[in-house]
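S.K.: Provided herewith: run_18.pdb, PDB, C-alpha atoms.
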ATOM      1  CA  THR A   1     120.829  33.695  89.248  1.00  0.00           C
ATOM      2  CA  SER A   2     121.872  36.197  91.882  1.00  0.00           C
ATOM      3  CA  ARG A   3     122.984  38.562  89.106  1.00  0.00           C
ATOM      4  CA  LYS A   4     119.566  38.247  87.400  1.00  0.00           C
ATOM      5  CA  PHE A   5     117.842  38.851  90.743  1.00  0.00           C
ATOM      6  CA  CYS A   6     119.895  42.025  91.365  1.00  0.00           C
ATOM      7  CA  LYS A   7     119.142  43.297  87.867  1.00  0.00           C
ATOM      8  CA  TYR A   8     115.413  42.509  88.283  1.00  0.00           C
ATOM      9  CA  TYR A   9     115.362  44.146  91.742  1.00  0.00           C
ATOM     10  CA  SER A  10     117.120  47.275  90.404  1.00  0.00           C
ATOM     11  CA  ILE A  11     114.600  47.609  87.567  1.00  0.00           C
ATOM     12  CA  MET A  12     111.652  47.179  89.949  1.00  0.00           C
ATOM     13  CA  LEU A  13     113.128  49.725  92.365  1.00  0.00           C
ATOM     14  CA  LEU A  14     113.625  52.213  89.524  1.00  0.00           C
ATOM     15  CA  ARG A  15     110.033  51.705  88.296  1.00  0.00           C
ATOM     16  CA  SER A  16     108.683  52.171  91.847  1.00  0.00           C
ATOM     17  CA  SER A  17     110.700  55.374  92.270  1.00  0.00           C
ATOM     18  CA  LEU A  18     109.425  56.737  88.943  1.00  0.00           C
ATOM     19  CA  ALA A  19     105.831  55.841  89.822  1.00  0.00           C
ATOM     20  CA  LEU A  20     106.140  57.546  93.220  1.00  0.00           C
ATOM     21  CA  THR A  21     107.670  60.629  91.593  1.00  0.00           C
ATOM     22  CA  CYS A  22     104.816  60.778  89.073  1.00  0.00           C
ATOM     23  CA  VAL A  23     102.213  60.522  91.835  1.00  0.00           C
ATOM     24  CA  CYS A  24     103.919  63.316  93.807  1.00  0.00           C
ATOM     25  CA  VAL A  25     104.086  65.586  90.752  1.00  0.00           C
ATOM     26  CA  ILE A  26     100.403  64.998  89.992  1.00  0.00           C
ATOM     27  CA  VAL A  27      99.311  65.651  93.588  1.00  0.00           C
ATOM     28  CA  LEU A  28     101.407  68.802  93.842  1.00  0.00           C
ATOM     29  CA  GLY A  29     100.205  69.938  90.413  1.00  0.00           C
ATOM     30  CA  VAL A  30      96.570  69.582  91.445  1.00  0.00           C
ATOM     31  CA  GLN A  31      97.247  71.531  94.658  1.00  0.00           C
ATOM     32  CA  TRP A  32      99.038  74.261  92.655  1.00  0.00           C
ATOM     33  CA  ALA A  33      96.171  74.518  90.173  1.00  0.00           C
ATOM     34  CA  GLN A  34      93.591  74.771  92.946  1.00  0.00           C
ATOM     35  CA  GLY A  35      95.589  77.373  94.858  1.00  0.00           C
ATOM     36  CA  PHE A  36      94.225  77.856  98.344  1.00  0.00           C
ATOM     37  CA  PRO A  37      90.505  77.083  98.108  1.00  0.00           C
ATOM     38  CA  ASN A  38      90.072  77.684 101.833  1.00  0.00           C
ATOM     39  CA  GLY A  39      91.803  81.018 101.977  1.00  0.00           C
ATOM     40  CA  ALA A  40      95.297  82.352 102.091  1.00  0.00           C
ATOM     41  CA  PRO A  41      97.551  80.619 104.628  1.00  0.00           C
ATOM     42  CA  VAL A  42      98.662  82.486 107.735  1.00  0.00           C
ATOM     43  CA  GLU A  43     102.049  83.018 106.032  1.00  0.00           C
ATOM     44  CA  ALA A  44     100.306  85.642 103.892  1.00  0.00           C
ATOM     45  CA  CYS A  45     100.580  87.899 106.941  1.00  0.00           C
ATOM     46  CA  ILE A  46     104.345  88.196 106.462  1.00  0.00           C
ATOM     47  CA  TYR A  47     104.182  88.927 102.717  1.00  0.00           C
ATOM     48  CA  GLN A  48     102.341  92.273 103.187  1.00  0.00           C
ATOM     49  CA  THR A  49      99.415  90.936 101.145  1.00  0.00           C
ATOM     50  CA  PHE A  50     101.610  89.672  98.275  1.00  0.00           C
ATOM     51  CA  PRO A  51     100.721  86.043  97.552  1.00  0.00           C
ATOM     52  CA  ASN A  52     103.541  83.535  97.517  1.00  0.00           C
ATOM     53  CA  HIS A  53     102.833  82.389  93.950  1.00  0.00           C
ATOM     54  CA  PRO A  54     106.188  81.477  92.377  1.00  0.00           C
ATOM     55  CA  GLY A  55     106.657  82.662  88.814  1.00  0.00           C
ATOM     56  CA  THR A  56     103.925  85.323  88.992  1.00  0.00           C
ATOM     57  CA  LYS A  57     103.686  89.021  89.686  1.00  0.00           C
ATOM     58  CA  ALA A  58     100.850  91.365  90.513  1.00  0.00           C
ATOM     59  CA  LEU A  59      98.980  93.107  87.712  1.00  0.00           C
ATOM     60  CA  PRO A  60      99.294  96.903  87.442  1.00  0.00           C
ATOM     61  CA  SER A  61      96.887  98.841  89.657  1.00  0.00           C
ATOM     62  CA  GLN A  62      95.417 100.741  86.684  1.00  0.00           C
ATOM     63  CA  SER A  63      93.928  97.454  85.421  1.00  0.00           C
ATOM     64  CA  PHE A  64      92.055  96.865  88.716  1.00  0.00           C
ATOM     65  CA  GLN A  65      88.305  96.861  87.917  1.00  0.00           C
ATOM     66  CA  HIS A  66      86.827  95.925  91.295  1.00  0.00           C
ATOM     67  CA  GLU A  67      85.284  98.276  93.809  1.00  0.00           C
ATOM     68  CA  PHE A  68      87.028  98.072  97.189  1.00  0.00           C
ATOM     69  CA  VAL A  69      85.608 100.571  99.687  1.00  0.00           C
ATOM     70  CA  ALA A  70      85.341 101.277 103.424  1.00  0.00           C
ATOM     71  CA  THR A  71      82.798 103.379 105.312  1.00  0.00           C
ATOM     72  CA  SER A  72      85.551 105.189 107.219  1.00  0.00           C
ATOM     73  CA  GLY A  73      89.292 105.657 107.373  1.00  0.00           C
ATOM     74  CA  THR A  74      89.384 106.691 111.024  1.00  0.00           C
ATOM     75  CA  TYR A  75      88.314 104.877 114.160  1.00  0.00           C
ATOM     76  CA  GLY A  76      87.664 105.361 117.844  1.00  0.00           C
ATOM     77  CA  SER A  77      87.659 102.844 120.660  1.00  0.00           C
ATOM     78  CA  GLY A  78      85.485  99.884 119.627  1.00  0.00           C
ATOM     79  CA  SER A  79      84.124 101.540 116.479  1.00  0.00           C
ATOM     80  CA  VAL A  80      82.929  99.415 113.558  1.00  0.00           C
ATOM     81  CA  ILE A  81      83.795  99.957 109.887  1.00  0.00           C
ATOM     82  CA  ASP A  82      82.175  98.144 106.966  1.00  0.00           C
ATOM     83  CA  VAL A  83      84.380  97.092 104.056  1.00  0.00           C
ATOM     84  CA  HIS A  84      82.933  96.067 100.698  1.00  0.00           C
ATOM     85  CA  LEU A  85      84.444  94.303  97.668  1.00  0.00           C
ATOM     86  CA  ASN A  86      82.582  93.764  94.398  1.00  0.00           C
ATOM     87  CA  GLY A  87      83.055  93.828  90.635  1.00  0.00           C
ATOM     88  CA  PRO A  88      84.145  91.160  88.171  1.00  0.00           C
ATOM     89  CA  ARG A  89      84.167  87.655  89.628  1.00  0.00           C
ATOM     90  CA  PHE A  90      87.182  86.822  91.775  1.00  0.00           C
ATOM     91  CA  ARG A  91      88.358  83.608  93.414  1.00  0.00           C
ATOM     92  CA  GLY A  92      90.199  84.847  96.446  1.00  0.00           C
ATOM     93  CA  PHE A  93      91.121  87.765  98.642  1.00  0.00           C
ATOM     94  CA  PHE A  94      93.296  88.665 101.587  1.00  0.00           C
ATOM     95  CA  ILE A  95      92.403  91.917 103.348  1.00  0.00           C
ATOM     96  CA  GLN A  96      94.420  93.351 106.224  1.00  0.00           C
ATOM     97  CA  ALA A  97      93.693  96.309 108.513  1.00  0.00           C
ATOM     98  CA  ILE A  98      96.781  98.408 109.313  1.00  0.00           C
ATOM     99  CA  ASP A  99      97.500 101.699 111.090  1.00  0.00           C
ATOM    100  CA  ASP A 100      99.706 104.666 110.119  1.00  0.00           C
ATOM    101  CA  ASN A 101     102.805 102.613 110.999  1.00  0.00           C
ATOM    102  CA  TYR A 102     101.697  99.643 108.834  1.00  0.00           C
ATOM    103  CA  LYS A 103     101.045  97.607 111.998  1.00  0.00           C
ATOM    104  CA  PRO A 104      98.011  95.282 112.100  1.00  0.00           C
ATOM    105  CA  ILE A 105      95.148  96.707 114.126  1.00  0.00           C
ATOM    106  CA  GLY A 106      91.685  95.572 115.242  1.00  0.00           C
ATOM    107  CA  TYR A 107      89.915  92.488 113.973  1.00  0.00           C
ATOM    108  CA  PHE A 108      87.398  91.389 111.375  1.00  0.00           C
ATOM    109  CA  VAL A 109      84.158  89.585 112.141  1.00  0.00           C
ATOM    110  CA  GLU A 110      84.110  86.140 110.538  1.00  0.00           C
ATOM    111  CA  GLY A 111      81.392  85.497 107.973  1.00  0.00           C
ATOM    112  CA  LYS A 112      80.016  82.417 106.243  1.00  0.00           C
ATOM    113  CA  HIS A 113      82.393  82.809 103.269  1.00  0.00           C
ATOM    114  CA  SER A 114      85.437  84.130 105.101  1.00  0.00           C
ATOM    115  CA  LYS A 115      88.189  82.974 107.431  1.00  0.00           C
ATOM    116  CA  LEU A 116      90.146  85.081 109.924  1.00  0.00           C
ATOM    117  CA  HIS A 117      93.849  85.565 110.541  1.00  0.00           C
ATOM    118  CA  ASN A 118      93.664  87.473 113.809  1.00  0.00           C
ATOM    119  CA  GLU A 119      97.462  87.201 114.131  1.00  0.00           C
ATOM    120  CA  CYS A 120      97.689  90.033 111.626  1.00  0.00           C
ATOM    121  CA  SER A 121      94.197  91.614 111.604  1.00  0.00           C
ATOM    122  CA  ALA A 122      93.274  89.959 108.305  1.00  0.00           C
ATOM    123  CA  ILE A 123      90.412  88.161 106.624  1.00  0.00           C
ATOM    124  CA  THR A 124      90.539  85.799 103.642  1.00  0.00           C
ATOM    125  CA  HIS A 125      88.145  83.746 101.524  1.00  0.00           C
ATOM    126  CA  ARG A 126      86.634  80.401 102.429  1.00  0.00           C
ATOM    127  CA  GLY A 127      85.689  78.128  99.520  1.00  0.00           C
ATOM    128  CA  LYS A 128      87.046  77.933  96.004  1.00  0.00           C
ATOM    129  CA  GLY A 129      83.948  79.090  94.133  1.00  0.00           C
ATOM    130  CA  PRO A 130      83.831  82.432  92.354  1.00  0.00           C
ATOM    131  CA  LYS A 131      82.856  85.486  94.384  1.00  0.00           C
ATOM    132  CA  LYS A 132      81.385  88.736  93.169  1.00  0.00           C
ATOM    133  CA  ASP A 133      79.989  90.827  96.029  1.00  0.00           C
ATOM    134  CA  MET A 134      81.312  90.553  99.586  1.00  0.00           C
ATOM    135  CA  SER A 135      80.989  92.683 102.718  1.00  0.00           C
ATOM    136  CA  PHE A 136      83.087  92.552 105.860  1.00  0.00           C
ATOM    137  CA  ARG A 137      82.894  94.158 109.277  1.00  0.00           C
ATOM    138  CA  TRP A 138      86.016  95.406 111.060  1.00  0.00           C
ATOM    139  CA  VAL A 139      86.107  96.282 114.770  1.00  0.00           C
ATOM    140  CA  ALA A 140      88.611  98.696 116.293  1.00  0.00           C
ATOM    141  CA  PRO A 141      90.398  97.717 119.481  1.00  0.00           C
ATOM    142  CA  HIS A 142      88.495  98.758 122.622  1.00  0.00           C
ATOM    143  CA  HIS A 143      91.667 100.030 124.292  1.00  0.00           C
ATOM    144  CA  ALA A 144      92.670 102.292 121.380  1.00  0.00           C
ATOM    145  CA  ALA A 145      92.402 106.068 121.541  1.00  0.00           C
ATOM    146  CA  GLY A 146      91.623 106.233 117.830  1.00  0.00           C
ATOM    147  CA  GLY A 147      93.429 107.071 114.638  1.00  0.00           C
ATOM    148  CA  ASN A 148      93.657 106.120 110.986  1.00  0.00           C
ATOM    149  CA  VAL A 149      93.008 102.662 109.618  1.00  0.00           C
ATOM    150  CA  TYR A 150      93.809 101.432 106.116  1.00  0.00           C
ATOM    151  CA  PHE A 151      92.512  98.296 104.453  1.00  0.00           C
ATOM    152  CA  ARG A 152      95.012  96.794 102.029  1.00  0.00           C
ATOM    153  CA  ALA A 153      94.316  93.715  99.991  1.00  0.00           C
ATOM    154  CA  THR A 154      95.229  91.207  97.376  1.00  0.00           C
ATOM    155  CA  ILE A 155      92.342  90.358  95.068  1.00  0.00           C
ATOM    156  CA  LEU A 156      92.846  87.205  93.020  1.00  0.00           C
ATOM    157  CA  GLU A 157      90.948  86.258  89.868  1.00  0.00           C
ATOM    158  CA  GLU A 158      93.259  83.337  89.012  1.00  0.00           C
ATOM    159  CA  TYR A 159      96.513  81.934  90.413  1.00  0.00           C
ATOM    160  CA  ASP A 160      98.549  84.217  88.148  1.00  0.00           C
ATOM    161  CA  LYS A 161      96.035  87.076  87.773  1.00  0.00           C
ATOM    162  CA  TYR A 162      95.879  89.217  90.903  1.00  0.00           C
ATOM    163  CA  TRP A 163      96.357  92.706  92.269  1.00  0.00           C
ATOM    164  CA  SER A 164      98.346  93.340  95.453  1.00  0.00           C
ATOM    165  CA  LYS A 165      98.611  96.227  97.888  1.00  0.00           C
ATOM    166  CA  VAL A 166      95.238  97.570  96.779  1.00  0.00           C
ATOM    167  CA  PHE A 167      93.918 100.067  99.338  1.00  0.00           C
ATOM    168  CA  ALA A 168      90.206 100.510 100.017  1.00  0.00           C
ATOM    169  CA  LYS A 169      88.759 103.891  99.094  1.00  0.00           C
ATOM    170  CA  VAL A 170      86.954 105.636 101.927  1.00  0.00           C
ATOM    171  CA  LEU A 171      83.415 106.688 101.063  1.00  0.00           C
ATOM    172  CA  ARG A 172      81.081 109.053 102.812  1.00  0.00           C
ATOM    173  CA  PRO A 173      78.375 107.026 104.637  1.00  0.00           C
ATOM    174  CA  GLN A 174      75.596 107.934 102.166  1.00  0.00           C
ATOM    175  CA  GLN A 175      77.703 106.494  99.312  1.00  0.00           C
ATOM    176  CA  PHE A 176      78.013 103.054 100.900  1.00  0.00           C
ATOM    177  CA  PHE A 177      75.470 100.448  99.839  1.00  0.00           C
ATOM    178  CA  HIS A 178      74.916  97.061 101.493  1.00  0.00           C
TER
END
Translate this file's structure into structure tokens.
M.R.:
Amino acid sequence: TSRKFCKYYSIMLLRSSLALTCVCVIVLGVQWAQGFPNGAPVEACIYQTFPNHPGTKALPSQSFQHEFVATSGTYGSGSVIDVHLNGPRFRGFFIQAIDDNYKPIGYFVEGKHSKLHNECSAITHRGKGPKKDMSFRWVAPHHAAGGNVYFRATILEEYDKYWSKVFAKVLRPQQFFH
């Protein structure tokens, strides 16, 4: 009987392990399919706007159909620049403000549908629903003498359909629409 018990116990342990493995795979699969519904994680700061999506790569820039613009490419102490993203529906974004040396600079103002990563002067989406037309406000540091600012982004339509290192075009003020 002890041999039967050991055999029965081994089978039950194996079934439990398989069931737990299946549950883990399903949970991780759902998380993978949803991506990051509440914005890119702070780790996105270290990837220079490339998402950490294993098995994928960014689409070529010539296929980018969105409009990504800024009201200015230069700033003075405490100046404000509006950044706008619109076009075909997209699910996510990660936009970072950088200077001539690719260092993060300034900060974004948080909106209803956005989340901040002040560690690296970035803003990302909040919520998993599709987005089509979004505006952001960036504020230059008050201690800065001034200089150039660039807005680089990743715009994501789906987990495996995104564009990285997209830079905002600078428009003259009369060309910018709210």
S.K.: Suppose you want the space between atom CA of A:Val149 and atom CA of A:Trp163; what is it in Å?
M.R.: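 Separation of atom CA of A:Val149 and atom CA of A:Trp163: 20.3 Å.
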S.K.: Could you check the closest approach to A:Pro141 for each of A:Gln65, A:Ser77, A:Asn101, A:Ser121 and tell me which residue wins, using only C-alpha atoms?
M.R.: A:Ser77
S.K.: Which residues match the PyMOL selection byres ((chain A and resi 114) around 6) in the file above, as a PyMOL selection string?
M.R.: chain A and resi 110-113+115+124-126
S.K.: Given the choices A:Ile98, A:Cys120, A:Ala40, A:Leu59, which gets closest to A:Ala168 if the distance is worked out from only C-alpha atoms?
M.R.: A:Ile98
S.K.: Taking the file as shown, find all residues satisfying the PyMOL selection byres ((chain A and resi 96) around 7) and write them as a PyMOL selection string.
M.R.: chain A and resi 94-95+97-98+121-123+151-153
S.K.: Taking the file as shown, find all residues satisfying the PyMOL selection byres ((chain A and resi 80) around 12) and write them as a ChimeraX atom specification.
M.R.: /A:70-79,81-83,106-109,136-142,146,149
S.K.: Output C-alpha atoms for every residue in that selection, as a PDB file, in the frame of the given file.
M.R.:
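In the end it all went to result-v8.pdb:
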ATOM      1  CA  ALA A  70      85.341 101.277 103.424  1.00  0.00           C
ATOM      2  CA  THR A  71      82.798 103.379 105.312  1.00  0.00           C
ATOM      3  CA  SER A  72      85.551 105.189 107.219  1.00  0.00           C
ATOM      4  CA  GLY A  73      89.292 105.657 107.373  1.00  0.00           C
ATOM      5  CA  THR A  74      89.384 106.691 111.024  1.00  0.00           C
ATOM      6  CA  TYR A  75      88.314 104.877 114.160  1.00  0.00           C
ATOM      7  CA  GLY A  76      87.664 105.361 117.844  1.00  0.00           C
ATOM      8  CA  SER A  77      87.659 102.844 120.660  1.00  0.00           C
ATOM      9  CA  GLY A  78      85.485  99.884 119.627  1.00  0.00           C
ATOM     10  CA  SER A  79      84.124 101.540 116.479  1.00  0.00           C
ATOM     11  CA  ILE A  81      83.795  99.957 109.887  1.00  0.00           C
ATOM     12  CA  ASP A  82      82.175  98.144 106.966  1.00  0.00           C
ATOM     13  CA  VAL A  83      84.380  97.092 104.056  1.00  0.00           C
ATOM     14  CA  GLY A 106      91.685  95.572 115.242  1.00  0.00           C
ATOM     15  CA  TYR A 107      89.915  92.488 113.973  1.00  0.00           C
ATOM     16  CA  PHE A 108      87.398  91.389 111.375  1.00  0.00           C
ATOM     17  CA  VAL A 109      84.158  89.585 112.141  1.00  0.00           C
ATOM     18  CA  PHE A 136      83.087  92.552 105.860  1.00  0.00           C
ATOM     19  CA  ARG A 137      82.894  94.158 109.277  1.00  0.00           C
ATOM     20  CA  TRP A 138      86.016  95.406 111.060  1.00  0.00           C
ATOM     21  CA  VAL A 139      86.107  96.282 114.770  1.00  0.00           C
ATOM     22  CA  ALA A 140      88.611  98.696 116.293  1.00  0.00           C
ATOM     23  CA  PRO A 141      90.398  97.717 119.481  1.00  0.00           C
ATOM     24  CA  HIS A 142      88.495  98.758 122.622  1.00  0.00           C
ATOM     25  CA  GLY A 146      91.623 106.233 117.830  1.00  0.00           C
ATOM     26  CA  VAL A 149      93.008 102.662 109.618  1.00  0.00           C
TER      27      VAL A 149
END
S.K.: Would you give the centre and edge lengths, in Å to one decimal, of a box along x, y and z around the listed atoms of stretch 55-67 of chain A, with 8 Å added to each side, as lines of an AutoDock Vina configuration file?
M.R.:
center_x = 96.0
center_y = 91.7
center_z = 89.6
size_x = 37.4
size_y = 34.1
size_z = 24.4
S.K.: Taking all atoms listed in the file into account, name the residue in A:Lys103, A:Ile155, A:Lys165, A:Pro37 that is nearest to A:Gly87.
M.R.: A:Ile155
S.K.: Quick one, how far is atom CA of A:Phe64 from atom CA of A:Glu119?
M.R.: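 Spanning atom CA of A:Phe64 to atom CA of A:Glu119 is a straight-line distance of 27.7 Å.
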S.K.: Nearest to A:Tyr150: which of A:Cys45, A:Leu85, A:Val166, A:Leu116 is it, counting all atoms listed in the file?
M.R.: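 Comparing A:Cys45, A:Leu85, A:Val166, A:Leu116 against A:Tyr150, the winner is A:Val166.
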S.K.: Of the residues A:Phe167, A:Ala144, A:Tyr162, A:Pro104, which is the one nearest to A:Pro60, using all atoms listed in the file?
M.R.: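 Of all the options, A:Tyr162 lies closest to A:Pro60.
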S.K.: Grab the atom CA of A:Asn148 to atom CA of A:Leu171 distance for me, in Å with one decimal place.
M.R.: 14.3 Å
S.K.: Taking all atoms listed in the file into account, which of A:Lys128, A:Lys169, A:Val69, A:Thr154 comes nearest A:Asn52?
M.R.: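 Among A:Lys128, A:Lys169, A:Val69, A:Thr154, it is A:Thr154 that comes nearest to A:Asn52.
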S.K.: Name all residues at most 10 Å from A:Lys132 (count only C-alpha atoms; drop same-chain ones fewer than 4 positions away) and give them as a ChimeraX atom specification.
M.R.: /A:66,85-91
